[in-house]
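This is protein.csv. It holds CSV, C-alpha atoms.
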```csv
chain,number,residue,atom,x,y,z
A,1,MET,CA,-3.7,3.9,-8.5
A,2,PRO,CA,-6.7,3.5,-6.2
A,3,VAL,CA,-7.2,0.3,-4.3
A,4,ASP,CA,-9.6,-2.2,-6.0
A,5,PRO,CA,-13.0,-2.2,-4.2
A,6,SER,CA,-13.4,-5.9,-4.8
A,7,LEU,CA,-10.9,-6.4,-1.9
A,8,VAL,CA,-13.7,-5.9,0.6
A,9,GLY,CA,-14.3,-9.3,2.2
A,10,ARG,CA,-10.9,-10.8,1.3
A,11,ALA,CA,-8.8,-12.3,4.0
A,12,PHE,CA,-5.0,-12.2,4.4
A,13,PRO,CA,-3.3,-14.5,7.0
A,14,ALA,CA,0.0,-13.5,8.6
A,15,PRO,CA,2.7,-15.7,7.1
A,16,ALA,CA,3.6,-17.4,10.4
A,17,PRO,CA,2.4,-17.8,13.9
A,18,LEU,CA,4.0,-15.8,16.7
A,19,SER,CA,5.1,-17.2,20.0
A,20,VAL,CA,4.6,-14.9,22.9
A,21,THR,CA,7.9,-15.1,24.7
A,22,PRO,CA,9.3,-13.1,27.5
A,23,GLU,CA,12.0,-11.8,25.2
A,24,ARG,CA,9.5,-10.6,22.6
A,25,VAL,CA,7.2,-9.0,25.2
A,26,ASN,CA,10.2,-7.3,26.9
A,27,ALA,CA,11.5,-5.9,23.6
A,28,PHE,CA,8.0,-4.7,22.7
A,29,ALA,CA,7.4,-3.2,26.2
A,30,ALA,CA,10.7,-1.4,26.0
A,31,SER,CA,9.8,0.1,22.7
A,32,VAL,CA,6.5,1.6,24.0
A,33,GLY,CA,7.6,2.4,27.5
A,34,HIS,CA,5.5,-0.3,29.2
A,35,PRO,CA,6.8,-2.5,32.1
A,36,GLY,CA,8.3,-5.7,30.9
A,37,ALA,CA,7.0,-9.3,31.1
A,38,ASP,CA,8.7,-10.0,34.4
A,39,ASP,CA,5.3,-9.8,36.1
A,40,GLY,CA,3.8,-12.0,33.4
A,41,ALA,CA,1.7,-9.2,32.0
A,42,VAL,CA,1.7,-8.7,28.2
A,43,PRO,CA,1.0,-5.1,27.1
A,44,PRO,CA,-2.5,-4.7,25.6
A,45,THR,CA,-1.1,-3.4,22.4
A,46,PHE,CA,1.3,-6.3,21.8
A,47,PRO,CA,-1.0,-8.0,19.2
A,48,ILE,CA,0.0,-5.2,16.8
A,49,VAL,CA,3.2,-7.1,16.2
A,50,LEU,CA,1.2,-10.0,14.6
A,51,ALA,CA,-1.5,-7.7,13.1
A,52,PHE,CA,1.2,-5.9,11.3
A,53,ASP,CA,2.5,-9.1,9.8
A,54,ALA,CA,-1.0,-9.8,8.5
A,55,MET,CA,-1.3,-6.2,7.2
A,56,GLN,CA,2.1,-6.6,5.4
A,57,ALA,CA,0.7,-9.8,3.8
A,58,PHE,CA,-2.2,-7.8,2.5
A,59,LEU,CA,0.0,-5.0,1.2
A,60,ASP,CA,2.4,-7.4,-0.5
A,61,ALA,CA,-0.4,-9.4,-2.1
A,62,GLU,CA,-2.0,-6.2,-3.5
A,63,ALA,CA,1.3,-4.5,-4.4
A,64,ILE,CA,0.6,-1.5,-2.1
A,65,ASP,CA,3.6,0.4,-0.9
A,66,LEU,CA,3.8,0.7,2.9
A,67,HIS,CA,5.3,4.2,2.5
A,68,ARG,CA,1.9,5.3,1.0
A,69,ILE,CA,0.0,4.2,4.1
A,70,VAL,CA,-0.9,6.2,7.2
A,71,HIS,CA,-2.2,4.3,10.1
A,72,GLY,CA,-5.4,6.2,10.9
A,73,GLU,CA,-6.8,4.3,13.9
A,74,GLN,CA,-6.3,1.0,15.8
A,75,ARG,CA,-8.2,-0.7,18.6
A,76,PHE,CA,-8.3,-4.1,20.1
A,77,ALA,CA,-11.2,-6.0,21.7
A,78,TYR,CA,-10.2,-8.8,24.0
A,79,VAL,CA,-11.8,-12.2,24.7
A,80,ARG,CA,-9.0,-13.0,27.2
A,81,PRO,CA,-5.7,-11.4,28.1
A,82,LEU,CA,-2.6,-12.6,26.2
A,83,THR,CA,-0.1,-14.6,28.2
A,84,VAL,CA,3.5,-15.6,27.8
A,85,GLY,CA,3.5,-19.0,26.1
A,86,ASP,CA,0.6,-18.2,23.7
A,87,GLU,CA,1.1,-19.2,20.1
A,88,LEU,CA,-0.9,-16.7,18.1
A,89,SER,CA,-2.0,-16.5,14.5
A,90,ALA,CA,-3.7,-13.6,12.7
A,91,THR,CA,-5.9,-13.1,9.7
A,92,LEU,CA,-6.6,-9.6,8.4
A,93,THR,CA,-9.9,-9.1,6.5
A,94,VAL,CA,-10.6,-6.0,4.5
A,95,THR,CA,-14.0,-4.9,5.8
A,96,GLY,CA,-14.5,-1.6,4.0
A,97,LEU,CA,-13.1,0.7,1.4
A,98,ARG,CA,-14.0,4.2,0.3
A,99,GLN,CA,-12.2,6.9,-1.7
A,100,ILE,CA,-12.1,10.4,-0.4
A,101,GLY,CA,-10.1,13.3,-1.8
A,102,GLY,CA,-7.6,11.1,-3.7
A,103,ALA,CA,-7.1,8.7,-0.8
A,104,ASP,CA,-8.3,5.2,-0.1
A,105,ILE,CA,-9.7,4.7,3.4
A,106,ILE,CA,-9.3,1.0,4.1
A,107,ALA,CA,-11.1,-0.6,7.1
A,108,THR,CA,-9.6,-3.8,8.3
A,109,THR,CA,-10.3,-6.4,11.0
A,110,SER,CA,-7.5,-8.7,12.3
A,111,GLU,CA,-8.7,-11.8,14.2
A,112,ILE,CA,-6.0,-13.0,16.5
A,113,THR,CA,-6.4,-16.7,17.5
A,114,ASP,CA,-4.4,-19.0,19.8
A,115,ALA,CA,-3.1,-22.5,19.0
A,116,THR,CA,-6.5,-24.1,19.5
A,117,GLY,CA,-8.1,-21.7,17.0
A,118,ALA,CA,-9.9,-19.7,19.8
A,119,VAL,CA,-10.2,-16.0,19.2
A,120,VAL,CA,-8.1,-14.1,21.8
A,121,CYS,CA,-8.7,-10.6,20.5
A,122,THR,CA,-9.8,-8.7,17.4
A,123,GLY,CA,-8.0,-5.7,16.1
A,124,LYS,CA,-9.8,-3.0,14.0
A,125,ALA,CA,-7.7,-0.6,12.0
A,126,THR,CA,-8.2,2.2,9.5
A,127,LEU,CA,-5.5,2.7,6.9
A,128,VAL,CA,-5.3,5.7,4.7
A,129,HIS,CA,-3.6,5.0,1.4
A,130,SER,CA,-2.3,7.8,-0.8
A,131,SER,CA,-2.4,6.4,-4.4
A,132,GLY,CA,-0.9,9.4,-6.2
A,133,GLY,CA,1.7,12.1,-6.1
A,134,ALA,CA,5.3,11.9,-4.9
A,135,ALA,CA,6.2,9.7,-1.9
```
Entire entry expressed as structure tokens:
Amino acid sequence: MPVDPSLVGRAFPAPAPLSVTPERVNAFAASVGHPGADDGAVPPTFPIVLAFDAMQAFLDAEAIDLHRIVHGEQRFAYVRPLTVGDELSATLTVTGLRQIGGADIIATTSEITDATGAVVCTGKATLVHSSGGAA
């Protein structure tokens, strides 16, 4: 079944904040082949961890199966670099939806904020949802 167009403009927060710890950064860095947090640097793609939590909240709320999603595009725009010790929250907003050839093209924006509520970075993603056929 196609995704409901009335979702455009709705927001879905991640279920819990994420603490940026050396252990989390090192585990993420190892998974993507980036140097660890020993030098204090957090990989620029690290926010995907929290953005994915917000995306999963969206998928769960709308009963959309993750196995029907292809991640079409992802980009981050930073206000400031992430640092170990940050406590981050994310809210995903559906910013666009169109149907093409039996697929839903879902545009999302995830705003990543720190413990003070200040925006740290914004992630934009395009998700391709296949609503029919065998999985």
>> Set the distance at 12 Å and use all atoms listed in the file: which residues neighbour stretch 120-124 of chain A once local chain neighbours fewer than 2 positions away are removed? I'd like the list as a ChimeraX atom specification.
In response: /A:44-52,54-55,71-83,86-96,106-118,126-127
Can I get the selection written as an mmCIF file, in the coordinates of the input, with C-alpha atoms?
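Okay, result-v9.cif is ready:
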```cif
data_model
loop_
_atom_site.group_PDB
_atom_site.id
_atom_site.type_symbol
_atom_site.label_atom_id
_atom_site.label_comp_id
_atom_site.auth_asym_id
_atom_site.auth_seq_id
_atom_site.Cartn_x
_atom_site.Cartn_y
_atom_site.Cartn_z
ATOM 1 C CA PRO A 44 -2.500 -4.700 25.600
ATOM 2 C CA THR A 45 -1.100 -3.400 22.400
ATOM 3 C CA PHE A 46 1.300 -6.300 21.800
ATOM 4 C CA PRO A 47 -1.000 -8.000 19.200
ATOM 5 C CA ILE A 48 0.000 -5.200 16.800
ATOM 6 C CA VAL A 49 3.200 -7.100 16.200
ATOM 7 C CA LEU A 50 1.200 -10.000 14.600
ATOM 8 C CA ALA A 51 -1.500 -7.700 13.100
ATOM 9 C CA PHE A 52 1.200 -5.900 11.300
ATOM 10 C CA ALA A 54 -1.000 -9.800 8.500
ATOM 11 C CA MET A 55 -1.300 -6.200 7.200
ATOM 12 C CA HIS A 71 -2.200 4.300 10.100
ATOM 13 C CA GLY A 72 -5.400 6.200 10.900
ATOM 14 C CA GLU A 73 -6.800 4.300 13.900
ATOM 15 C CA GLN A 74 -6.300 1.000 15.800
ATOM 16 C CA ARG A 75 -8.200 -0.700 18.600
ATOM 17 C CA PHE A 76 -8.300 -4.100 20.100
ATOM 18 C CA ALA A 77 -11.200 -6.000 21.700
ATOM 19 C CA TYR A 78 -10.200 -8.800 24.000
ATOM 20 C CA VAL A 79 -11.800 -12.200 24.700
ATOM 21 C CA ARG A 80 -9.000 -13.000 27.200
ATOM 22 C CA PRO A 81 -5.700 -11.400 28.100
ATOM 23 C CA LEU A 82 -2.600 -12.600 26.200
ATOM 24 C CA THR A 83 -0.100 -14.600 28.200
ATOM 25 C CA ASP A 86 0.600 -18.200 23.700
ATOM 26 C CA GLU A 87 1.100 -19.200 20.100
ATOM 27 C CA LEU A 88 -0.900 -16.700 18.100
ATOM 28 C CA SER A 89 -2.000 -16.500 14.500
ATOM 29 C CA ALA A 90 -3.700 -13.600 12.700
ATOM 30 C CA THR A 91 -5.900 -13.100 9.700
ATOM 31 C CA LEU A 92 -6.600 -9.600 8.400
ATOM 32 C CA THR A 93 -9.900 -9.100 6.500
ATOM 33 C CA VAL A 94 -10.600 -6.000 4.500
ATOM 34 C CA THR A 95 -14.000 -4.900 5.800
ATOM 35 C CA GLY A 96 -14.500 -1.600 4.000
ATOM 36 C CA ILE A 106 -9.300 1.000 4.100
ATOM 37 C CA ALA A 107 -11.100 -0.600 7.100
ATOM 38 C CA THR A 108 -9.600 -3.800 8.300
ATOM 39 C CA THR A 109 -10.300 -6.400 11.000
ATOM 40 C CA SER A 110 -7.500 -8.700 12.300
ATOM 41 C CA GLU A 111 -8.700 -11.800 14.200
ATOM 42 C CA ILE A 112 -6.000 -13.000 16.500
ATOM 43 C CA THR A 113 -6.400 -16.700 17.500
ATOM 44 C CA ASP A 114 -4.400 -19.000 19.800
ATOM 45 C CA ALA A 115 -3.100 -22.500 19.000
ATOM 46 C CA THR A 116 -6.500 -24.100 19.500
ATOM 47 C CA GLY A 117 -8.100 -21.700 17.000
ATOM 48 C CA ALA A 118 -9.900 -19.700 19.800
ATOM 49 C CA THR A 126 -8.200 2.200 9.500
ATOM 50 C CA LEU A 127 -5.500 2.700 6.900
#
```
> Suppose you want the space between atom CA of A:Val84 and atom CA of A:Thr21; what is it in Å?
Replying inline: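 Atom CA of A:Val84 sits 5.4 Å away from atom CA of A:Thr21.
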> Which residue gives the smallest distance to A:Asp53 among A:Val32, A:Ala27, A:Ala16, A:Val70, with all atoms listed in the file counted?
Replying inline: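 Distance minimum relative to A:Asp53 lands on A:Ala16.
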> So how many Å separate atom CA of A:Gly102 and atom CA of A:Ala61, to one decimal?
Replying inline: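 Computing the Euclidean distance for atom CA of A:Gly102 and atom CA of A:Ala61 yields 21.8 Å.
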>> I need the residue nearest A:Arg24 from this list: A:His67, A:Gly85, A:Met1, A:Ala11. Use all atoms listed in the file for the distance.
In response: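 Closest residue, counting all atoms listed in the file: A:Gly85.
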>> What does the structure give for the distance between atom CA of A:Ile69 and atom CA of A:Val128, in Å to one decimal?
In response: 5.5 Å
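Non-sequential neighbours of A:Ala103 (distance at most 8 Å, separation of 2 or more positions within a chain, all atoms listed in the file) are Pro2, Gln99, Ile100, Gly101, Ile105, Val128, His129, Ser130 and Ser131 of chain A.
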From the block I gave, I'd like stretch 25-57 of chain A written with N, CA, C and O atoms, as a PDB file, in the first residue's frame.
```pdb
ATOM      1  N   VAL A  25      31.587   5.826  19.599  1.00  0.00           N
ATOM      2  CA  VAL A  25      32.302   6.393  18.451  1.00  0.00           C
ATOM      3  C   VAL A  25      33.277   5.367  17.886  1.00  0.00           C
ATOM      4  O   VAL A  25      33.359   5.180  16.668  1.00  0.00           O
ATOM      5  N   ASN A  26      34.016   4.677  18.748  1.00  0.00           N
ATOM      6  CA  ASN A  26      34.970   3.664  18.270  1.00  0.00           C
ATOM      7  C   ASN A  26      34.271   2.522  17.561  1.00  0.00           C
ATOM      8  O   ASN A  26      34.752   2.049  16.523  1.00  0.00           O
ATOM      9  N   ALA A  27      33.137   2.067  18.094  1.00  0.00           N
ATOM     10  CA  ALA A  27      32.389   0.982  17.440  1.00  0.00           C
ATOM     11  C   ALA A  27      31.895   1.430  16.070  1.00  0.00           C
ATOM     12  O   ALA A  27      32.004   0.694  15.086  1.00  0.00           O
ATOM     13  N   PHE A  28      31.356   2.651  15.996  1.00  0.00           N
ATOM     14  CA  PHE A  28      30.890   3.174  14.710  1.00  0.00           C
ATOM     15  C   PHE A  28      32.057   3.334  13.749  1.00  0.00           C
ATOM     16  O   PHE A  28      31.993   2.924  12.589  1.00  0.00           O
ATOM     17  N   ALA A  29      33.144   3.940  14.244  1.00  0.00           N
ATOM     18  CA  ALA A  29      34.318   4.169  13.397  1.00  0.00           C
ATOM     19  C   ALA A  29      34.851   2.866  12.844  1.00  0.00           C
ATOM     20  O   ALA A  29      35.198   2.779  11.654  1.00  0.00           O
ATOM     21  N   ALA A  30      34.915   1.833  13.682  1.00  0.00           N
ATOM     22  CA  ALA A  30      35.403   0.532  13.215  1.00  0.00           C
ATOM     23  C   ALA A  30      34.503  -0.028  12.128  1.00  0.00           C
ATOM     24  O   ALA A  30      34.981  -0.635  11.163  1.00  0.00           O
ATOM     25  N   SER A  31      33.195   0.198  12.244  1.00  0.00           N
ATOM     26  CA  SER A  31      32.262  -0.360  11.267  1.00  0.00           C
ATOM     27  C   SER A  31      32.358   0.313   9.902  1.00  0.00           C
ATOM     28  O   SER A  31      31.980  -0.274   8.895  1.00  0.00           O
ATOM     29  N   VAL A  32      32.852   1.558   9.871  1.00  0.00           N
ATOM     30  CA  VAL A  32      32.956   2.278   8.598  1.00  0.00           C
ATOM     31  C   VAL A  32      34.395   2.516   8.166  1.00  0.00           C
ATOM     32  O   VAL A  32      34.646   3.231   7.198  1.00  0.00           O
ATOM     33  N   GLY A  33      35.366   1.936   8.902  1.00  0.00           N
ATOM     34  CA  GLY A  33      36.766   2.061   8.525  1.00  0.00           C
ATOM     35  C   GLY A  33      37.352   3.432   8.767  1.00  0.00           C
ATOM     36  O   GLY A  33      38.277   3.861   8.076  1.00  0.00           O
ATOM     37  N   HIS A  34      36.840   4.157   9.753  1.00  0.00           N
ATOM     38  CA  HIS A  34      37.320   5.496  10.098  1.00  0.00           C
ATOM     39  C   HIS A  34      38.180   5.381  11.355  1.00  0.00           C
ATOM     40  O   HIS A  34      37.914   4.538  12.200  1.00  0.00           O
ATOM     41  N   PRO A  35      39.184   6.237  11.531  1.00  0.00           N
ATOM     42  CA  PRO A  35      39.950   6.197  12.780  1.00  0.00           C
ATOM     43  C   PRO A  35      39.024   6.392  13.982  1.00  0.00           C
ATOM     44  O   PRO A  35      38.009   7.061  13.880  1.00  0.00           O
ATOM     45  N   GLY A  36      39.373   5.808  15.102  1.00  0.00           N
ATOM     46  CA  GLY A  36      38.546   5.865  16.304  1.00  0.00           C
ATOM     47  C   GLY A  36      38.552   7.222  16.979  1.00  0.00           C
ATOM     48  O   GLY A  36      39.129   8.185  16.478  1.00  0.00           O
ATOM     49  N   ALA A  37      37.930   7.285  18.154  1.00  0.00           N
ATOM     50  CA  ALA A  37      37.772   8.536  18.887  1.00  0.00           C
ATOM     51  C   ALA A  37      38.975   8.853  19.757  1.00  0.00           C
ATOM     52  O   ALA A  37      38.931   9.796  20.536  1.00  0.00           O
ATOM     53  N   ASP A  38      40.051   8.088  19.642  1.00  0.00           N
ATOM     54  CA  ASP A  38      41.220   8.326  20.484  1.00  0.00           C
ATOM     55  C   ASP A  38      41.739   9.752  20.332  1.00  0.00           C
ATOM     56  O   ASP A  38      42.274  10.327  21.270  1.00  0.00           O
ATOM     57  N   ASP A  39      41.562  10.333  19.151  1.00  0.00           N
ATOM     58  CA  ASP A  39      42.014  11.706  18.933  1.00  0.00           C
ATOM     59  C   ASP A  39      40.900  12.719  19.223  1.00  0.00           C
ATOM     60  O   ASP A  39      41.062  13.902  19.007  1.00  0.00           O
ATOM     61  N   GLY A  40      39.757  12.231  19.720  1.00  0.00           N
ATOM     62  CA  GLY A  40      38.629  13.099  20.045  1.00  0.00           C
ATOM     63  C   GLY A  40      37.711  13.394  18.877  1.00  0.00           C
ATOM     64  O   GLY A  40      36.668  14.005  19.047  1.00  0.00           O
ATOM     65  N   ALA A  41      38.096  12.964  17.679  1.00  0.00           N
ATOM     66  CA  ALA A  41      37.275  13.239  16.496  1.00  0.00           C
ATOM     67  C   ALA A  41      36.112  12.251  16.400  1.00  0.00           C
ATOM     68  O   ALA A  41      36.264  11.065  16.672  1.00  0.00           O
ATOM     69  N   VAL A  42      34.962  12.770  16.041  1.00  0.00           N
ATOM     70  CA  VAL A  42      33.776  11.949  15.809  1.00  0.00           C
ATOM     71  C   VAL A  42      33.556  11.929  14.297  1.00  0.00           C
ATOM     72  O   VAL A  42      33.517  12.990  13.663  1.00  0.00           O
ATOM     73  N   PRO A  43      33.431  10.739  13.687  1.00  0.00           N
ATOM     74  CA  PRO A  43      33.227  10.691  12.236  1.00  0.00           C
ATOM     75  C   PRO A  43      32.024  11.534  11.814  1.00  0.00           C
ATOM     76  O   PRO A  43      31.002  11.561  12.521  1.00  0.00           O
ATOM     77  N   PRO A  44      32.119  12.217  10.688  1.00  0.00           N
ATOM     78  CA  PRO A  44      31.034  13.102  10.267  1.00  0.00           C
ATOM     79  C   PRO A  44      29.728  12.382   9.959  1.00  0.00           C
ATOM     80  O   PRO A  44      28.677  13.017   9.936  1.00  0.00           O
ATOM     81  N   THR A  45      29.787  11.079   9.747  1.00  0.00           N
ATOM     82  CA  THR A  45      28.559  10.330   9.477  1.00  0.00           C
ATOM     83  C   THR A  45      27.959   9.702  10.742  1.00  0.00           C
ATOM     84  O   THR A  45      26.929   9.047  10.666  1.00  0.00           O
ATOM     85  N   PHE A  46      28.564   9.932  11.899  1.00  0.00           N
ATOM     86  CA  PHE A  46      28.073   9.353  13.152  1.00  0.00           C
ATOM     87  C   PHE A  46      26.598   9.677  13.436  1.00  0.00           C
ATOM     88  O   PHE A  46      25.880   8.828  13.970  1.00  0.00           O
ATOM     89  N   PRO A  47      26.086  10.865  13.097  1.00  0.00           N
ATOM     90  CA  PRO A  47      24.677  11.158  13.407  1.00  0.00           C
ATOM     91  C   PRO A  47      23.681  10.195  12.775  1.00  0.00           C
ATOM     92  O   PRO A  47      22.527  10.160  13.175  1.00  0.00           O
ATOM     93  N   ILE A  48      24.117   9.400  11.805  1.00  0.00           N
ATOM     94  CA  ILE A  48      23.195   8.437  11.202  1.00  0.00           C
ATOM     95  C   ILE A  48      22.681   7.462  12.254  1.00  0.00           C
ATOM     96  O   ILE A  48      21.563   6.955  12.138  1.00  0.00           O
ATOM     97  N   VAL A  49      23.468   7.217  13.297  1.00  0.00           N
ATOM     98  CA  VAL A  49      23.029   6.316  14.368  1.00  0.00           C
ATOM     99  C   VAL A  49      21.734   6.835  14.971  1.00  0.00           C
ATOM    100  O   VAL A  49      20.757   6.091  15.124  1.00  0.00           O
ATOM    101  N   LEU A  50      21.690   8.096  15.307  1.00  0.00           N
ATOM    102  CA  LEU A  50      20.501   8.690  15.913  1.00  0.00           C
ATOM    103  C   LEU A  50      19.428   8.976  14.864  1.00  0.00           C
ATOM    104  O   LEU A  50      18.236   8.796  15.129  1.00  0.00           O
ATOM    105  N   ALA A  51      19.824   9.398  13.675  1.00  0.00           N
ATOM    106  CA  ALA A  51      18.853   9.634  12.608  1.00  0.00           C
ATOM    107  C   ALA A  51      18.113   8.343  12.270  1.00  0.00           C
ATOM    108  O   ALA A  51      16.915   8.359  11.973  1.00  0.00           O
ATOM    109  N   PHE A  52      18.826   7.194  12.337  1.00  0.00           N
ATOM    110  CA  PHE A  52      18.174   5.914  12.074  1.00  0.00           C
ATOM    111  C   PHE A  52      17.135   5.617  13.143  1.00  0.00           C
ATOM    112  O   PHE A  52      16.056   5.092  12.834  1.00  0.00           O
ATOM    113  N   ASP A  53      17.418   5.950  14.405  1.00  0.00           N
ATOM    114  CA  ASP A  53      16.427   5.753  15.465  1.00  0.00           C
ATOM    115  C   ASP A  53      15.159   6.552  15.178  1.00  0.00           C
ATOM    116  O   ASP A  53      14.041   6.068  15.365  1.00  0.00           O
ATOM    117  N   ALA A  54      15.315   7.789  14.726  1.00  0.00           N
ATOM    118  CA  ALA A  54      14.155   8.619  14.383  1.00  0.00           C
ATOM    119  C   ALA A  54      13.434   8.048  13.163  1.00  0.00           C
ATOM    120  O   ALA A  54      12.197   8.039  13.111  1.00  0.00           O
ATOM    121  N   MET A  55      14.201   7.552  12.170  1.00  0.00           N
ATOM    122  CA  MET A  55      13.571   6.933  11.005  1.00  0.00           C
ATOM    123  C   MET A  55      12.788   5.699  11.415  1.00  0.00           C
ATOM    124  O   MET A  55      11.674   5.461  10.943  1.00  0.00           O
ATOM    125  N   GLN A  56      13.337   4.900  12.326  1.00  0.00           N
ATOM    126  CA  GLN A  56      12.638   3.696  12.776  1.00  0.00           C
ATOM    127  C   GLN A  56      11.353   4.073  13.514  1.00  0.00           C
ATOM    128  O   GLN A  56      10.340   3.393  13.372  1.00  0.00           O
ATOM    129  N   ALA A  57      11.368   5.172  14.273  1.00  0.00           N
ATOM    130  CA  ALA A  57      10.149   5.650  14.936  1.00  0.00           C
ATOM    131  C   ALA A  57       9.082   5.994  13.893  1.00  0.00           C
ATOM    132  O   ALA A  57       7.898   5.668  14.063  1.00  0.00           O
TER     133      ALA A  57
END
```
